[in-house]
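Containing mmCIF, C-alpha atoms: coords_36.cif.
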data_target
#
loop_
_atom_site.group_PDB
_atom_site.id
_atom_site.type_symbol
_atom_site.label_atom_id
_atom_site.label_comp_id
_atom_site.auth_asym_id
_atom_site.auth_seq_id
_atom_site.Cartn_x
_atom_site.Cartn_y
_atom_site.Cartn_z
ATOM 1 C CA MET A 1 1.227 36.136 16.879
ATOM 2 C CA SER A 2 3.120 33.052 15.718
ATOM 3 C CA THR A 3 2.399 29.559 17.025
ATOM 4 C CA ALA A 4 4.942 26.921 18.008
ATOM 5 C CA LEU A 5 4.127 23.212 18.242
ATOM 6 C CA VAL A 6 6.334 21.285 20.675
ATOM 7 C CA THR A 7 6.300 17.493 20.908
ATOM 8 C CA GLY A 8 7.440 15.685 24.041
ATOM 9 C CA ALA A 9 6.371 18.722 26.035
ATOM 10 C CA SER A 10 5.311 17.077 29.292
ATOM 11 C CA CYS A 11 8.723 17.184 31.003
ATOM 12 C CA GLY A 12 12.457 17.650 30.656
ATOM 13 C CA LEU A 13 13.835 19.451 27.635
ATOM 14 C CA GLY A 14 10.364 19.693 26.108
ATOM 15 C CA VAL A 15 9.155 21.799 29.020
ATOM 16 C CA ASP A 16 12.191 24.076 28.847
ATOM 17 C CA LEU A 17 11.786 24.512 25.090
ATOM 18 C CA ALA A 18 8.154 25.506 25.656
ATOM 19 C CA ARG A 19 9.227 27.987 28.350
ATOM 20 C CA ALA A 20 11.878 29.541 26.111
ATOM 21 C CA LEU A 21 9.389 29.931 23.255
ATOM 22 C CA ALA A 22 6.715 31.395 25.536
ATOM 23 C CA ALA A 23 9.240 33.930 26.852
ATOM 24 C CA ARG A 24 9.579 35.169 23.265
ATOM 25 C CA GLY A 25 5.829 35.619 22.984
ATOM 26 C CA HIS A 26 4.891 32.603 20.874
ATOM 27 C CA ASP A 27 1.555 30.885 21.286
ATOM 28 C CA LEU A 28 1.991 27.179 22.007
ATOM 29 C CA VAL A 29 0.540 23.799 21.148
ATOM 30 C CA LEU A 30 1.985 21.255 23.581
ATOM 31 C CA VAL A 31 2.020 17.581 22.584
ATOM 32 C CA ALA A 32 2.666 14.495 24.723
ATOM 33 C CA ARG A 33 0.786 11.399 25.846
ATOM 34 C CA SER A 34 -0.030 12.655 29.343
ATOM 35 C CA ALA A 35 -2.772 15.283 29.416
ATOM 36 C CA GLU A 36 -2.380 16.406 33.042
ATOM 37 C CA PRO A 37 1.188 17.806 32.888
ATOM 38 C CA LEU A 38 0.405 19.407 29.533
ATOM 39 C CA ASP A 39 -2.669 21.164 30.900
ATOM 40 C CA ARG A 40 -0.714 22.349 33.922
ATOM 41 C CA LEU A 41 2.157 23.697 31.814
ATOM 42 C CA ALA A 42 -0.182 25.345 29.293
ATOM 43 C CA GLY A 43 -2.041 27.163 32.061
ATOM 44 C CA GLU A 44 1.167 28.278 33.735
ATOM 45 C CA LEU A 45 2.768 29.646 30.563
ATOM 46 C CA ALA A 46 -0.422 31.338 29.373
ATOM 47 C CA ALA A 47 -0.764 33.188 32.678
ATOM 48 C CA GLU A 48 2.916 34.098 32.978
ATOM 49 C CA HIS A 49 3.542 35.267 29.427
ATOM 50 C CA HIS A 50 0.046 36.339 28.320
ATOM 51 C CA ILE A 51 0.032 33.953 25.386
ATOM 52 C CA GLU A 52 -2.357 31.286 24.166
ATOM 53 C CA ALA A 53 -1.222 27.784 25.081
ATOM 54 C CA ARG A 54 -3.149 24.572 24.661
ATOM 55 C CA ALA A 55 -2.518 20.924 25.342
ATOM 56 C CA LEU A 56 -2.840 18.351 22.591
ATOM 57 C CA PRO A 57 -2.563 14.901 24.215
ATOM 58 C CA ALA A 58 -1.419 12.367 21.629
ATOM 59 C CA ASP A 59 0.636 9.197 21.374
ATOM 60 C CA LEU A 60 2.865 9.732 18.365
ATOM 61 C CA THR A 61 3.328 5.983 17.931
ATOM 62 C CA VAL A 62 -0.385 5.674 17.114
ATOM 63 C CA GLU A 63 -1.169 6.589 13.510
ATOM 64 C CA ASP A 64 -4.483 8.334 14.203
ATOM 65 C CA ASP A 65 -2.912 10.460 16.934
ATOM 66 C CA LEU A 66 0.062 11.288 14.722
ATOM 67 C CA GLU A 67 -2.272 12.431 11.951
ATOM 68 C CA ARG A 68 -4.168 14.688 14.385
ATOM 69 C CA VAL A 69 -0.899 16.344 15.359
ATOM 70 C CA ALA A 70 0.205 16.569 11.713
ATOM 71 C CA GLU A 71 -2.984 18.470 10.897
ATOM 72 C CA VAL A 72 -2.193 21.027 13.582
ATOM 73 C CA ALA A 73 1.450 21.207 12.460
ATOM 74 C CA CYS A 74 0.256 22.504 9.077
ATOM 75 C CA ASP A 75 -0.789 25.759 10.734
ATOM 76 C CA SER A 76 2.264 26.108 12.972
ATOM 77 C CA ASP A 77 4.926 28.744 12.391
ATOM 78 C CA ILE A 78 7.495 26.826 14.429
ATOM 79 C CA LEU A 79 7.724 23.033 14.701
ATOM 80 C CA ILE A 80 9.820 21.523 17.488
ATOM 81 C CA ASN A 81 10.367 17.768 17.029
ATOM 82 C CA ASN A 82 11.576 16.910 20.516
ATOM 83 C CA ALA A 83 9.795 13.592 21.168
ATOM 84 C CA GLY A 84 11.971 10.505 21.098
ATOM 85 C CA ALA A 85 12.951 7.247 22.790
ATOM 86 C CA ALA A 86 15.971 5.022 23.313
ATOM 87 C CA LEU A 87 16.571 1.424 24.341
ATOM 88 C CA GLY A 88 19.146 0.512 26.953
ATOM 89 C CA THR A 89 19.091 -3.150 25.960
ATOM 90 C CA PRO A 90 21.248 -4.757 23.241
ATOM 91 C CA PHE A 91 19.511 -4.988 19.869
ATOM 92 C CA ASP A 92 19.522 -8.799 19.919
ATOM 93 C CA ARG A 93 17.721 -8.873 23.282
ATOM 94 C CA THR A 94 15.003 -6.277 22.767
ATOM 95 C CA THR A 95 11.486 -7.060 21.635
ATOM 96 C CA TRP A 96 10.517 -6.030 18.143
ATOM 97 C CA ALA A 97 7.618 -4.069 19.641
ATOM 98 C CA ASP A 98 10.096 -1.914 21.566
ATOM 99 C CA GLU A 99 12.227 -1.375 18.460
ATOM 100 C CA GLN A 100 9.113 -0.369 16.515
ATOM 101 C CA ARG A 101 8.179 2.132 19.199
ATOM 102 C CA MET A 102 11.620 3.721 19.087
ATOM 103 C CA LEU A 103 11.499 3.886 15.292
ATOM 104 C CA ALA A 104 8.013 5.393 15.434
ATOM 105 C CA LEU A 105 9.132 8.169 17.784
ATOM 106 C CA ASN A 106 12.588 8.855 16.364
ATOM 107 C CA VAL A 107 12.024 8.318 12.632
ATOM 108 C CA VAL A 108 8.372 8.135 11.587
ATOM 109 C CA SER A 109 6.962 10.877 13.830
ATOM 110 C CA PRO A 110 9.484 13.645 13.004
ATOM 111 C CA SER A 111 9.328 12.739 9.320
ATOM 112 C CA ARG A 112 5.550 12.922 9.245
ATOM 113 C CA LEU A 113 5.358 16.233 11.078
ATOM 114 C CA VAL A 114 8.029 17.862 8.922
ATOM 115 C CA HIS A 115 6.284 16.496 5.827
ATOM 116 C CA ALA A 116 3.026 18.064 7.018
ATOM 117 C CA ALA A 117 4.385 21.442 8.098
ATOM 118 C CA LEU A 118 7.064 22.205 5.506
ATOM 119 C CA PRO A 119 4.889 22.727 2.371
ATOM 120 C CA HIS A 120 2.657 25.173 4.262
ATOM 121 C CA MET A 121 5.661 27.082 5.605
ATOM 122 C CA LEU A 122 7.093 27.365 2.103
ATOM 123 C CA ARG A 123 3.786 28.659 0.748
ATOM 124 C CA ARG A 124 3.542 31.218 3.555
ATOM 125 C CA GLY A 125 7.159 32.239 3.070
ATOM 126 C CA SER A 126 8.139 31.765 6.721
ATOM 127 C CA GLY A 127 8.732 29.047 9.276
ATOM 128 C CA ARG A 128 11.239 27.330 11.510
ATOM 129 C CA ILE A 129 11.692 23.618 12.195
ATOM 130 C CA LEU A 130 13.884 22.201 14.961
ATOM 131 C CA VAL A 131 14.663 18.463 15.068
ATOM 132 C CA VAL A 132 16.287 17.181 18.255
ATOM 133 C CA SER A 133 19.094 14.770 17.397
ATOM 134 C CA SER A 134 22.099 13.575 19.379
ATOM 135 C CA VAL A 135 25.879 13.267 19.346
ATOM 136 C CA ALA A 136 25.113 9.545 19.088
ATOM 137 C CA ALA A 137 24.221 10.344 15.467
ATOM 138 C CA LEU A 138 27.850 11.144 14.697
ATOM 139 C CA GLY A 139 29.647 7.932 15.615
ATOM 140 C CA PRO A 140 29.502 4.607 17.478
ATOM 141 C CA ALA A 141 28.848 6.218 20.846
ATOM 142 C CA TRP A 142 26.011 3.799 21.570
ATOM 143 C CA GLN A 143 27.180 0.370 20.449
ATOM 144 C CA GLY A 144 24.868 -2.603 20.144
ATOM 145 C CA THR A 145 21.671 -0.585 19.752
ATOM 146 C CA ALA A 146 19.806 1.055 16.886
ATOM 147 C CA TYR A 147 19.427 4.340 18.790
ATOM 148 C CA GLY A 148 22.367 6.063 17.101
ATOM 149 C CA ALA A 149 21.011 5.042 13.717
ATOM 150 C CA THR A 150 17.663 6.712 14.428
ATOM 151 C CA LYS A 151 19.427 9.886 15.529
ATOM 152 C CA SER A 152 21.587 9.752 12.388
ATOM 153 C CA TYR A 153 18.415 9.621 10.337
ATOM 154 C CA GLU A 154 17.042 12.750 12.025
ATOM 155 C CA LEU A 155 20.298 14.607 11.435
ATOM 156 C CA ALA A 156 20.602 13.459 7.812
ATOM 157 C CA MET A 157 16.978 14.290 7.022
ATOM 158 C CA THR A 158 17.355 17.789 8.444
ATOM 159 C CA GLN A 159 20.586 18.452 6.563
ATOM 160 C CA SER A 160 19.254 17.036 3.306
ATOM 161 C CA LEU A 161 16.195 19.282 3.401
ATOM 162 C CA ALA A 162 17.965 22.370 4.750
ATOM 163 C CA TYR A 163 20.688 22.339 2.098
ATOM 164 C CA SER A 164 18.285 21.717 -0.782
ATOM 165 C CA ARG A 165 18.033 24.627 -3.211
ATOM 166 C CA ARG A 166 14.296 25.084 -2.629
ATOM 167 C CA ILE A 167 14.672 25.578 1.104
ATOM 168 C CA ARG A 168 18.129 27.175 1.073
ATOM 169 C CA THR A 169 16.778 30.028 -1.041
ATOM 170 C CA SER A 170 13.570 30.440 0.963
ATOM 171 C CA PRO A 171 12.884 32.176 4.299
ATOM 172 C CA VAL A 172 12.106 28.766 5.862
ATOM 173 C CA ALA A 173 14.856 27.105 7.907
ATOM 174 C CA LEU A 174 15.474 23.679 9.407
ATOM 175 C CA THR A 175 17.896 23.086 12.276
ATOM 176 C CA ALA A 176 19.115 19.857 13.868
ATOM 177 C CA LEU A 177 19.842 20.218 17.577
ATOM 178 C CA VAL A 178 22.739 17.845 18.276
ATOM 179 C CA LEU A 179 22.721 17.256 22.001
ATOM 180 C CA GLY A 180 25.062 15.867 24.563
ATOM 181 C CA TYR A 181 23.987 14.606 27.984
ATOM 182 C CA THR A 182 21.303 16.961 29.277
ATOM 183 C CA ALA A 183 20.312 17.002 32.940
ATOM 184 C CA SER A 184 16.930 15.549 33.873
ATOM 185 C CA GLN A 185 15.390 12.823 35.987
ATOM 186 C CA PHE A 186 15.902 10.307 33.221
ATOM 187 C CA HIS A 187 19.069 8.713 34.592
ATOM 188 C CA VAL A 188 17.535 8.287 38.027
ATOM 189 C CA ARG A 189 14.341 6.758 36.685
ATOM 190 C CA ALA A 190 16.232 4.555 34.266
ATOM 191 C CA GLY A 191 18.636 3.330 36.925
ATOM 192 C CA ILE A 192 21.791 4.130 34.962
ATOM 193 C CA THR A 193 24.907 5.958 36.012
ATOM 194 C CA ALA A 194 24.788 9.664 35.358
ATOM 195 C CA PRO A 195 27.661 11.191 33.381
ATOM 196 C CA PRO A 196 30.214 13.363 35.186
ATOM 197 C CA PRO A 197 29.133 16.982 35.764
ATOM 198 C CA SER A 198 31.700 18.146 33.212
ATOM 199 C CA LEU A 199 29.700 16.366 30.486
ATOM 200 C CA THR A 200 26.230 17.329 31.681
ATOM 201 C CA LEU A 201 24.315 20.256 30.223
ATOM 202 C CA ALA A 202 21.481 22.083 31.977
ATOM 203 C CA SER A 203 18.190 21.526 30.175
ATOM 204 C CA ALA A 204 17.141 25.189 30.459
ATOM 205 C CA TYR A 205 20.483 26.300 28.979
ATOM 206 C CA VAL A 206 20.123 23.897 26.043
ATOM 207 C CA ALA A 207 16.568 25.074 25.385
ATOM 208 C CA LYS A 208 17.548 28.748 25.393
ATOM 209 C CA GLN A 209 20.447 28.112 23.030
ATOM 210 C CA ALA A 210 18.230 26.128 20.660
ATOM 211 C CA VAL A 211 15.450 28.722 20.611
ATOM 212 C CA ARG A 212 17.981 31.505 20.150
ATOM 213 C CA ALA A 213 19.478 29.613 17.198
ATOM 214 C CA ILE A 214 16.205 29.204 15.315
ATOM 215 C CA HIS A 215 15.414 32.908 15.795
ATOM 216 C CA ARG A 216 18.537 34.031 13.983
ATOM 217 C CA ARG A 217 18.049 35.655 10.609
ATOM 218 C CA ARG A 218 19.883 32.680 9.141
ATOM 219 C CA PRO A 219 19.555 29.795 11.583
ATOM 220 C CA PRO A 220 22.329 27.191 11.574
ATOM 221 C CA VAL A 221 21.556 23.845 9.960
ATOM 222 C CA VAL A 222 23.266 22.106 12.891
ATOM 223 C CA CYS A 223 23.271 23.510 16.413
ATOM 224 C CA VAL A 224 25.539 21.969 19.060
ATOM 225 C CA PRO A 225 24.820 24.041 22.184
ATOM 226 C CA SER A 226 28.117 23.601 24.011
ATOM 227 C CA LEU A 227 31.792 24.075 23.204
ATOM 228 C CA ARG A 228 32.746 20.762 24.808
ATOM 229 C CA TYR A 229 30.239 18.909 22.652
ATOM 230 C CA ARG A 230 31.245 20.821 19.536
ATOM 231 C CA VAL A 231 34.753 19.466 20.096
ATOM 232 C CA LEU A 232 33.365 15.967 20.713
ATOM 233 C CA ALA A 233 31.174 16.213 17.609
ATOM 234 C CA GLY A 234 34.246 17.055 15.544
ATOM 235 C CA LEU A 235 36.109 14.044 16.923
ATOM 236 C CA LEU A 236 33.188 11.713 16.295
ATOM 237 C CA ARG A 237 32.866 12.943 12.720
ATOM 238 C CA HIS A 238 36.527 12.640 11.776
ATOM 239 C CA ALA A 239 38.185 10.034 14.019
ATOM 240 C CA PRO A 240 38.447 6.436 12.718
ATOM 241 C CA TYR A 241 35.468 4.416 13.932
ATOM 242 C CA ARG A 242 37.592 1.717 15.541
ATOM 243 C CA SER A 243 39.355 4.288 17.711
ATOM 244 C CA LEU A 244 35.973 5.330 19.083
ATOM 245 C CA THR A 245 34.914 1.865 20.209
ATOM 246 C CA VAL A 246 37.330 1.510 23.115
ATOM 247 C CA PRO A 247 35.890 1.283 26.662
ATOM 248 C CA GLY A 248 35.424 4.685 28.243
ATOM 249 C CA VAL A 249 34.850 6.375 24.909
ATOM 250 C CA ALA A 250 31.689 4.597 23.804
ATOM 251 C CA LYS A 251 28.962 2.806 25.728
ATOM 252 C CA ASP A 252 28.605 -0.822 24.634
ATOM 253 C CA PHE A 253 25.261 -2.300 25.631
ATOM 254 C CA THR A 254 26.392 -5.786 24.619
ATOM 255 C CA ALA A 255 29.259 -5.782 27.132
ATOM 256 C CA GLY A 256 27.164 -6.769 30.173
ATOM 257 C CA PRO A 257 26.200 -10.313 31.168
ATOM 258 C CA PRO A 258 23.297 -11.812 29.175
ATOM 259 C CA GLU A 259 21.115 -12.049 32.268
ATOM 260 C CA LEU A 260 20.982 -8.256 32.354
ATOM 261 C CA GLY A 261 19.324 -8.237 28.951
ATOM 262 C CA GLY A 262 16.018 -9.740 27.926
ATOM 263 C CA PRO A 263 12.755 -8.392 26.618
ATOM 264 C CA ASP A 264 11.995 -6.289 29.679
ATOM 265 C CA ALA A 265 15.477 -5.002 30.427
ATOM 266 C CA GLY A 266 15.755 -1.271 30.287
ATOM 267 C CA ARG A 267 12.002 -0.753 30.542
ATOM 268 C CA VAL A 268 11.404 2.246 32.733
ATOM 269 C CA VAL A 269 8.452 4.322 33.744
ATOM 270 C CA SER A 270 9.341 7.898 32.999
ATOM 271 C CA PRO A 271 7.411 10.906 31.708
ATOM 272 C CA ARG A 272 10.128 11.453 29.234
ATOM 273 C CA ASP A 273 10.777 14.230 26.868
ATOM 274 C CA GLU A 274 8.949 12.373 24.290
ATOM 275 C CA GLY A 275 5.965 12.771 26.491
ATOM 276 C CA ALA A 276 5.562 9.038 26.828
ATOM 277 C CA ASP A 277 4.352 7.730 30.163
ATOM 278 C CA GLU A 278 6.377 4.565 29.697
ATOM 279 C CA VAL A 279 9.477 4.252 27.638
ATOM 280 C CA SER A 280 11.586 1.240 26.969
ATOM 281 C CA ALA A 281 14.686 3.051 27.058
ATOM 282 C CA VAL A 282 17.602 4.098 28.553
ATOM 283 C CA GLU A 283 19.821 6.351 27.150
ATOM 284 C CA GLY A 284 22.019 8.792 28.487
ATOM 285 C CA ARG A 285 20.068 10.501 26.109
ATOM 286 C CA GLN A 286 20.279 13.576 24.436
ATOM 287 C CA ASP A 287 17.079 14.238 23.091
ATOM 288 C CA GLY A 288 16.252 16.109 25.992
ATOM 289 C CA ARG A 289 16.836 14.118 29.012
ATOM 290 C CA ALA A 290 19.952 13.000 30.041
ATOM 291 C CA ARG A 291 20.432 12.329 26.560
ATOM 292 C CA SER A 292 23.340 11.621 24.530
#
This entry written out as structure tokens:
Amino acid sequence: MSTALVTGASCGLGVDLARALAARGHDLVLVARSAEPLDRLAGELAAEHHIEARALPADLTVEDDLERVAEVACDSDILINNAGAALGTPFDRTTWADEQRMLALNVVSPSRLVHAALPHMLRRGSGRILVVSSVAALGPAWQGTAYGATKSYELAMTQSLAYSRRIRTSPVALTALVLGYTASQFHVRAGITAPPPSLTLASAYVAKQAVRAIHRRRPPVVCVPSLRYRVLAGLLRHAPYRSLTVPGVAKDFTAGPPELGGPDAGRVVSPRDEGADEVSAVEGRQDGRARS
């Protein structure tokens, strides 16, 4: 039986991805910082689907923990890079520690895990990798922060590897999941306004679409699990940047009064999809929460 490793599996999209994989009979390794929700989910899915599921508590911003997870990723048949973070404070008013944490979760961690898993998948002649990105990767939807840049990196890395001759001609496939706003408790915990229902995707729906995509004989390199966001993705890719920076189209974190910024602005306690107990974030995020 194949094994899937899911990061950010303690809540939100990570939980729904784990459920969708378990429903297809995959054994699971669930990664997040908080051990208790992981243990609870592993026990529930093992009993319900008669699979093996185990918790692997780890903080992916800590090098030793990341290396422990990378070692396990080498033996995984499916790698789901769902963990991530965002900052809801303008770049010039965040702390460098918070920026480093976001970079560690959105850039370093997925890169390291793909780097660990991919050579083994190629040698075995099978494997699937899913990297959770965002529509923010496609244009200036999140102005004044580095979040979109980190999501652009994830998308570009996935495309660069997936279209390379070595991987394109192998049975191994990489897919970038480009998300829009996905329903979760993130907006409530972060204290930001939720998007209108017409722009909100159900987390379980997104997870099922993503898992279905990577199980295709030829998985797509980019998966946008909603017609409305496929249209938006096309606009973001091809419309002039300046036309996308008008109020109502993009969120500008520098537009608020300075007193709303500061080193601690946007710091929320939330067991986010990245599995972090505390995230300095706020997105309307797409990486599995109310992401975008």
When the PyMOL selection byres ((chain A and resi 3-20) around 6) is applied to the file above, which residues end up in the set, as a compact mmCIF listing (two decimals) with C-alpha atoms, keeping the file's coordinate frame?
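Result saved to result19.txt:
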# COMPACT_ATOMS: atom_id res chain seq x y z
CA SER A 2 3.12 33.05 15.72
CA LEU A 21 9.39 29.93 23.26
CA ALA A 22 6.72 31.40 25.54
CA ALA A 23 9.24 33.93 26.85
CA HIS A 26 4.89 32.60 20.87
CA ASP A 27 1.56 30.88 21.29
CA LEU A 28 1.99 27.18 22.01
CA VAL A 29 0.54 23.80 21.15
CA LEU A 30 1.98 21.26 23.58
CA VAL A 31 2.02 17.58 22.58
CA ALA A 32 2.67 14.50 24.72
CA PRO A 37 1.19 17.81 32.89
CA LEU A 38 0.40 19.41 29.53
CA SER A 76 2.26 26.11 12.97
CA ASP A 77 4.93 28.74 12.39
CA ILE A 78 7.50 26.83 14.43
CA LEU A 79 7.72 23.03 14.70
CA ILE A 80 9.82 21.52 17.49
CA ASN A 81 10.37 17.77 17.03
CA ASN A 82 11.58 16.91 20.52
CA ALA A 83 9.80 13.59 21.17
CA SER A 184 16.93 15.55 33.87
CA SER A 203 18.19 21.53 30.18
CA ALA A 204 17.14 25.19 30.46
CA ALA A 207 16.57 25.07 25.38
CA LYS A 208 17.55 28.75 25.39
CA ASP A 273 10.78 14.23 26.87
CA GLU A 274 8.95 12.37 24.29
CA GLY A 275 5.96 12.77 26.49
CA GLY A 288 16.25 16.11 25.99
CA ARG A 289 16.84 14.12 29.01
Near range 96-108 of chain A, counting all atoms listed in the file, which residues have an atom at most 9 Å away, once you skip same-chain residues fewer than 2 positions from it, shown as an mmCIF file with C-alpha atoms, keeping the file's coordinate frame?
data_model
loop_
_atom_site.group_PDB
_atom_site.id
_atom_site.type_symbol
_atom_site.label_atom_id
_atom_site.label_comp_id
_atom_site.auth_asym_id
_atom_site.auth_seq_id
_atom_site.Cartn_x
_atom_site.Cartn_y
_atom_site.Cartn_z
ATOM 1 C CA LEU A 60 2.865 9.732 18.365
ATOM 2 C CA THR A 61 3.328 5.983 17.931
ATOM 3 C CA VAL A 62 -0.385 5.674 17.114
ATOM 4 C CA ALA A 83 9.795 13.592 21.168
ATOM 5 C CA GLY A 84 11.971 10.505 21.098
ATOM 6 C CA ALA A 85 12.951 7.247 22.790
ATOM 7 C CA ALA A 86 15.971 5.022 23.313
ATOM 8 C CA LEU A 87 16.571 1.424 24.341
ATOM 9 C CA PHE A 91 19.511 -4.988 19.869
ATOM 10 C CA THR A 94 15.003 -6.277 22.767
ATOM 11 C CA PRO A 110 9.484 13.645 13.004
ATOM 12 C CA SER A 111 9.328 12.739 9.320
ATOM 13 C CA ARG A 112 5.550 12.922 9.245
ATOM 14 C CA LEU A 113 5.358 16.233 11.078
ATOM 15 C CA SER A 133 19.094 14.770 17.397
ATOM 16 C CA ALA A 146 19.806 1.055 16.886
ATOM 17 C CA TYR A 147 19.427 4.340 18.790
ATOM 18 C CA THR A 150 17.663 6.712 14.428
ATOM 19 C CA LYS A 151 19.427 9.886 15.529
ATOM 20 C CA TYR A 153 18.415 9.621 10.337
ATOM 21 C CA GLU A 154 17.042 12.750 12.025
ATOM 22 C CA PRO A 263 12.755 -8.392 26.618
ATOM 23 C CA GLU A 274 8.949 12.373 24.290
ATOM 24 C CA VAL A 279 9.477 4.252 27.638
ATOM 25 C CA SER A 280 11.586 1.240 26.969
ATOM 26 C CA ALA A 281 14.686 3.051 27.058
#
Problem - Minimum-distance residue to Ser226 in chain A, chosen among A:Val114, A:Val69, A:Val211, A:Leu177 (using only C-alpha atoms) - result: A:Leu177
Exercise for the section: List, as a PyMOL selection string, every residue that the PyMOL selection byres ((chain A and resi 92) around 9) selects in the file provided. Expected result: chain A and resi 89-91+93-95+144-145+254+262
Handout entry: Point-to-point distance from CA of Arg165 in chain A to CA of Leu122 in chain A, Å rounded to tenths
Key =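 Separation of CA of Arg165 in chain A and CA of Leu122 in chain A: 12.5 Å.
The shortest atom-to-atom distance to Ala213 in chain A, with all atoms listed in the file taken into account, belongs to A:Ile129 out of A:Ile129, A:Leu201, A:Leu138, A:Ala233.
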Practice task
List the neighbours of Glu36 in chain A out to 10 Å using only C-alpha atoms; skip same-chain residues closer than 3 positions along the sequence, and give me the result as a list in words.
Solution key: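 My list of contacting residues is Ser10, Ala32, Arg33, Asp39, Arg40, Leu41, Ala42, Ala55 and Pro57 of chain A.
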Handout entry: Shell of 12 Å around Arg217 in chain A, only C-alpha atoms, local chain residues under 6 positions omitted, as an MDAnalysis selection string
Key = chainID A and resid 126:128 170:173
Exercise for the section: Would you work out the distance separating CA of Gly180 in chain A from CA of Thr200 in chain A, expressed in Å to one decimal? Expected result: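 If I compute the distance from CA of Gly180 in chain A to CA of Thr200 in chain A, I get 7.4 Å.
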Exercise for the section: One decimal, Å: what's the distance from CA of Ala176 in chain A over to CA of Ser109 in chain A, could you say? Expected result: 15.1 Å
Practice task
Would you mind listing what lies within 7 Å of Cys74 in chain A as a PyMOL selection string, with only C-alpha atoms counted and same-chain residues fewer than 6 positions away left out?
Solution key: chain A and resi 116-117+120
Handout entry: Residue list as a ChimeraX atom specification for point (6.1, 39.1, 29.4), cut-off 10 Å, all atoms listed in the file
Key = /A:22-25,47-51
The centre and edge lengths of an axis-aligned box containing all atoms of range 98-104 of chain A present in the file, extended by 3 Å on each side, are to be given in Å to one decimal, as AutoDock Vina command-line options.
--center_x 10.1 --center_y 1.7 --center_z 18.4 --size_x 10.2 --size_y 13.3 --size_z 12.3
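Distance annotation: of A:Ala137, A:Leu45, A:Leu66, A:Val222, the residue with the minimal separation from Leu174 in chain A is A:Val222; atom set is all atoms listed in the file.
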Only N, CA, C and O atoms needed: put range 97-108 of chain A from the block into a file as a PDB file, in the first residue's frame.
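And here's decode-v8.pdb as it stands now:
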ATOM      1  N   ALA A  97      12.186  38.343  11.992  1.00  0.00           N
ATOM      2  CA  ALA A  97      11.937  36.974  12.465  1.00  0.00           C
ATOM      3  C   ALA A  97      10.660  36.415  11.846  1.00  0.00           C
ATOM      4  O   ALA A  97      10.595  35.242  11.466  1.00  0.00           O
ATOM      5  N   ASP A  98       9.625  37.255  11.739  1.00  0.00           N
ATOM      6  CA  ASP A  98       8.374  36.801  11.135  1.00  0.00           C
ATOM      7  C   ASP A  98       8.552  36.529   9.641  1.00  0.00           C
ATOM      8  O   ASP A  98       8.006  35.567   9.101  1.00  0.00           O
ATOM      9  N   GLU A  99       9.312  37.403   8.968  1.00  0.00           N
ATOM     10  CA  GLU A  99       9.566  37.178   7.542  1.00  0.00           C
ATOM     11  C   GLU A  99      10.350  35.871   7.339  1.00  0.00           C
ATOM     12  O   GLU A  99      10.065  35.096   6.413  1.00  0.00           O
ATOM     13  N   GLN A 100      11.316  35.621   8.211  1.00  0.00           N
ATOM     14  CA  GLN A 100      12.100  34.393   8.105  1.00  0.00           C
ATOM     15  C   GLN A 100      11.230  33.164   8.300  1.00  0.00           C
ATOM     16  O   GLN A 100      11.412  32.149   7.630  1.00  0.00           O
ATOM     17  N   ARG A 101      10.285  33.268   9.228  1.00  0.00           N
ATOM     18  CA  ARG A 101       9.388  32.129   9.467  1.00  0.00           C
ATOM     19  C   ARG A 101       8.531  31.855   8.232  1.00  0.00           C
ATOM     20  O   ARG A 101       8.371  30.692   7.827  1.00  0.00           O
ATOM     21  N   MET A 102       8.007  32.915   7.624  1.00  0.00           N
ATOM     22  CA  MET A 102       7.200  32.718   6.427  1.00  0.00           C
ATOM     23  C   MET A 102       8.041  32.117   5.298  1.00  0.00           C
ATOM     24  O   MET A 102       7.605  31.197   4.600  1.00  0.00           O
ATOM     25  N   LEU A 103       9.248  32.614   5.135  1.00  0.00           N
ATOM     26  CA  LEU A 103      10.134  32.072   4.100  1.00  0.00           C
ATOM     27  C   LEU A 103      10.483  30.613   4.383  1.00  0.00           C
ATOM     28  O   LEU A 103      10.565  29.793   3.463  1.00  0.00           O
ATOM     29  N   ALA A 104      10.676  30.290   5.658  1.00  0.00           N
ATOM     30  CA  ALA A 104      11.007  28.912   6.022  1.00  0.00           C
ATOM     31  C   ALA A 104       9.870  27.963   5.676  1.00  0.00           C
ATOM     32  O   ALA A 104      10.093  26.858   5.169  1.00  0.00           O
ATOM     33  N   LEU A 105       8.629  28.387   5.914  1.00  0.00           N
ATOM     34  CA  LEU A 105       7.483  27.522   5.658  1.00  0.00           C
ATOM     35  C   LEU A 105       7.076  27.493   4.189  1.00  0.00           C
ATOM     36  O   LEU A 105       6.670  26.446   3.674  1.00  0.00           O
ATOM     37  N   ASN A 106       7.191  28.625   3.507  1.00  0.00           N
ATOM     38  CA  ASN A 106       6.687  28.711   2.139  1.00  0.00           C
ATOM     39  C   ASN A 106       7.740  28.444   1.065  1.00  0.00           C
ATOM     40  O   ASN A 106       7.385  28.143  -0.075  1.00  0.00           O
ATOM     41  N   VAL A 107       9.008  28.575   1.416  1.00  0.00           N
ATOM     42  CA  VAL A 107      10.076  28.404   0.421  1.00  0.00           C
ATOM     43  C   VAL A 107      11.029  27.272   0.794  1.00  0.00           C
ATOM     44  O   VAL A 107      11.216  26.319   0.035  1.00  0.00           O
ATOM     45  N   VAL A 108      11.635  27.378   1.975  1.00  0.00           N
ATOM     46  CA  VAL A 108      12.665  26.404   2.360  1.00  0.00           C
ATOM     47  C   VAL A 108      12.075  25.012   2.574  1.00  0.00           C
ATOM     48  O   VAL A 108      12.572  24.017   2.037  1.00  0.00           O
TER      49      VAL A 108
END
